[in-house]
Amino acid sequence: MRSSVCLLAILGAALWAADVKSGPSPEVLRGKLTVRDGQPAQVETAEHKVVILDGDDTTRKVLGDKRLDGFQVEAHGHFTAPDHFRIDDSYTHSFLVRQNGRLKMVTYWCDVCSIRAYTPGPCVCCQRETTLDLRDPDQP
Ligand SMILES: [Zn+2]
């Protein structure tokens, strides 16, 4: 009897460990991005499930950029509800868009000043509107 109790304890510990592991570890959400005025950005998965995206300030600004509407995207983070997904901090490159079969980082570029930004909007230097510039994550 003693050995079976011991086995149950080991099994219990293993299940607990598995549970803890599945909790905070990052999940990946893939699907088609929808960006519309006055609405939070959404992703429609291949299973036609619609998930509302959220993230830090940088990510929220990117998620408000209508130039990204319709892109296939990949987001790393975790579900806060069955239809809500919180994207990891933007510095971890947790939000990528698919272009020509490759995953790209979302960046913004000013031709005039050669300044790169990670949020849409006017250039910090000359105030001209920056252009969307999707880049390979392994590019410097
Ligand atoms: Zn500029």
# chains A, B, ... in the order shown; residues from 1 in each chain; ligands from 1
call {"tool": "closest_atom_pairs", "arguments": {"of": "chain A", "to": "ligand 1", "cutoff": "9 Å", "atoms": "only C-alpha atoms and all ligand atoms", "output": "tab-separated table"}}
result
residue	atom	partner	partner_atom_place_in_ligand_line	distance
A:Trp109	CA	ligand 1	1 (Zn)	8.2
A:Cys110	CA	ligand 1	1 (Zn)	4.8
A:Asp111	CA	ligand 1	1 (Zn)	6.7
A:Val112	CA	ligand 1	1 (Zn)	5.0
A:Cys113	CA	ligand 1	1 (Zn)	4.3
A:Ser114	CA	ligand 1	1 (Zn)	6.9
A:Ile115	CA	ligand 1	1 (Zn)	6.4
A:Pro122	CA	ligand 1	1 (Zn)	7.7
A:Cys123	CA	ligand 1	1 (Zn)	4.6
A:Val124	CA	ligand 1	1 (Zn)	6.5
A:Cys125	CA	ligand 1	1 (Zn)	4.8
A:Cys126	CA	ligand 1	1 (Zn)	4.0
A:Gln127	CA	ligand 1	1 (Zn)	5.9
A:Arg128	CA	ligand 1	1 (Zn)	5.7
A:Glu129	CA	ligand 1	1 (Zn)	7.9
A:Thr130	CA	ligand 1	1 (Zn)	7.4
call {"tool": "select_by_dssp", "arguments": {"residues": "chain A", "states": "strand (DSSP E)", "output": "MDAnalysis selection string"}}
result
chainID A and resid 27:34 42:44 50:54 72:81 84:87 95:99 102:110 115:117 131:135
call {"tool": "residues_around", "arguments": {"residues": "Pro40 of chain A", "least_positions_apart": "3", "cutoff": "12 Å", "atoms": "only C-alpha atoms", "output": "PyMOL selection string"}}
result
chain A and resi 33-37+43+50-55+59-66+69+84-85
call {"tool": "residues_around", "arguments": {"residues": "His78 of chain A", "least_positions_apart": "5", "cutoff": "6 Å", "atoms": "only C-alpha atoms", "output": "MDAnalysis selection string"}}
result
chainID A and resid 26:27 85:86
call {"tool": "atom_distance", "arguments": {"atom1": "atom CA of Gly31 of chain A", "atom2": "atom CA of Gln72 of chain A"}}
result
5.4 Å
call {"tool": "select_by_dssp", "arguments": {"residues": "segment 1-139 of chain A", "states": "alpha helix (DSSP H)", "output": "list in words"}}
result
Arg2, Ser3, Ser4, Val5, Cys6, Leu7, Leu8, Ala9, Ile10, Leu11, Gly12, Ala13, Ala14, Leu15, Trp16, Ala17, Ala18, Asp19, Val20, Lys21, Ser22, Asp57, Thr58, Thr59, Arg60, Lys61, Val62 and Leu63 of chain A
call {"tool": "write_last_selection", "arguments": {"atoms": "N, CA and C atoms", "output": "tab-separated table (two decimals), in the first residue's frame"}}
result
chain	number	residue	atom	x	y	z
A	2	ARG	N	1.91	1.15	0.74
A	2	ARG	CA	2.77	2.31	0.91
A	2	ARG	C	3.29	2.82	-0.45
A	3	SER	N	3.71	1.87	-1.31
A	3	SER	CA	4.29	2.27	-2.60
A	3	SER	C	3.25	2.93	-3.51
A	4	SER	N	1.98	2.48	-3.42
A	4	SER	CA	0.98	3.08	-4.31
A	4	SER	C	0.67	4.51	-3.87
A	5	VAL	N	0.70	4.76	-2.59
A	5	VAL	CA	0.48	6.13	-2.10
A	5	VAL	C	1.59	7.03	-2.63
A	6	CYS	N	2.79	6.46	-2.56
A	6	CYS	CA	3.95	7.21	-3.04
A	6	CYS	C	3.80	7.53	-4.53
A	7	LEU	N	3.34	6.54	-5.29
A	7	LEU	CA	3.16	6.72	-6.73
A	7	LEU	C	2.14	7.83	-7.01
A	8	LEU	N	1.05	7.83	-6.23
A	8	LEU	CA	0.02	8.86	-6.42
A	8	LEU	C	0.60	10.25	-6.15
A	9	ALA	N	1.44	10.33	-5.14
A	9	ALA	CA	2.05	11.62	-4.81
A	9	ALA	C	2.91	12.11	-5.96
A	10	ILE	N	3.66	11.18	-6.54
A	10	ILE	CA	4.53	11.54	-7.67
A	10	ILE	C	3.67	12.00	-8.85
A	11	LEU	N	2.60	11.23	-9.10
A	11	LEU	CA	1.70	11.55	-10.20
A	11	LEU	C	1.08	12.93	-9.98
A	12	GLY	N	0.65	13.18	-8.75
A	12	GLY	CA	0.05	14.47	-8.42
A	12	GLY	C	1.02	15.60	-8.66
A	13	ALA	N	2.25	15.42	-8.24
A	13	ALA	CA	3.26	16.45	-8.41
A	13	ALA	C	3.53	16.69	-9.89
A	14	ALA	N	3.53	15.63	-10.65
A	14	ALA	CA	3.78	15.74	-12.09
A	14	ALA	C	2.64	16.52	-12.76
A	15	LEU	N	1.40	16.22	-12.36
A	15	LEU	CA	0.25	16.92	-12.93
A	15	LEU	C	0.30	18.39	-12.56
A	16	TRP	N	0.67	18.66	-11.32
A	16	TRP	CA	0.75	20.03	-10.85
A	16	TRP	C	1.80	20.80	-11.66
A	17	ALA	N	2.93	20.14	-11.87
A	17	ALA	CA	4.01	20.77	-12.63
A	17	ALA	C	3.56	21.07	-14.06
A	18	ALA	N	2.82	20.13	-14.65
A	18	ALA	CA	2.33	20.31	-16.02
A	18	ALA	C	1.36	21.48	-16.07
A	19	ASP	N	0.54	21.60	-15.05
A	19	ASP	CA	-0.45	22.67	-14.97
A	19	ASP	C	0.24	24.03	-14.88
A	20	VAL	N	1.23	24.12	-14.02
A	20	VAL	CA	1.97	25.36	-13.84
A	20	VAL	C	2.64	25.75	-15.15
A	21	LYS	N	3.16	24.76	-15.84
A	21	LYS	CA	3.88	25.01	-17.08
A	21	LYS	C	2.94	25.58	-18.15
A	22	SER	N	1.71	25.07	-18.22
A	22	SER	CA	0.80	25.52	-19.27
A	22	SER	C	0.25	26.91	-18.96
A	57	ASP	N	1.67	50.07	-24.76
A	57	ASP	CA	1.38	51.29	-25.53
A	57	ASP	C	1.86	51.20	-26.98
A	58	THR	N	3.09	50.71	-27.16
A	58	THR	CA	3.66	50.59	-28.50
A	58	THR	C	2.80	49.65	-29.35
A	59	THR	N	2.47	48.50	-28.78
A	59	THR	CA	1.67	47.51	-29.52
A	59	THR	C	0.30	48.09	-29.84
A	60	ARG	N	-0.30	48.81	-28.89
A	60	ARG	CA	-1.62	49.38	-29.14
A	60	ARG	C	-1.59	50.36	-30.30
A	61	LYS	N	-0.53	51.16	-30.39
A	61	LYS	CA	-0.42	52.12	-31.50
A	61	LYS	C	-0.29	51.38	-32.83
A	62	VAL	N	0.52	50.33	-32.84
A	62	VAL	CA	0.68	49.54	-34.06
A	62	VAL	C	-0.66	48.90	-34.44
A	63	LEU	N	-1.39	48.44	-33.42
A	63	LEU	CA	-2.68	47.78	-33.68
A	63	LEU	C	-3.74	48.76	-34.16
call {"tool": "atom_distance", "arguments": {"atom1": "atom CA of Leu103 of chain A", "atom2": "atom CA of Pro120 of chain A"}}
result
18.9 Å
call {"tool": "closest_residue", "arguments": {"among": "A:Asp83, A:Asp136, A:Glu74, A:Asp56", "to": "Thr119 of chain A", "atoms": "only C-alpha atoms"}}
result
A:Asp56
call {"tool": "closest_residue", "arguments": {"among": "A:Ala41, A:Ala117, A:Leu134, A:Ala46", "to": "Ile87 of chain A", "atoms": "only C-alpha atoms"}}
result
A:Ala41
call {"tool": "residues_around", "arguments": {"residues": "Arg102 of chain A", "least_positions_apart": "5", "cutoff": "10 Å", "atoms": "only C-alpha atoms", "output": "NGL selection string"}}
result
:A and (96-97 or 135-137)
call {"tool": "atom_distance", "arguments": {"atom1": "atom CA of Asp133 of chain A", "atom2": "atom CA of Val73 of chain A"}}
result
15.1 Å
call {"tool": "residues_around", "arguments": {"residues": "Leu132 of chain A", "least_positions_apart": "4", "cutoff": "9 Å", "atoms": "only C-alpha atoms", "output": "PyMOL selection string"}}
result
chain A and resi 67-68+106-109+120
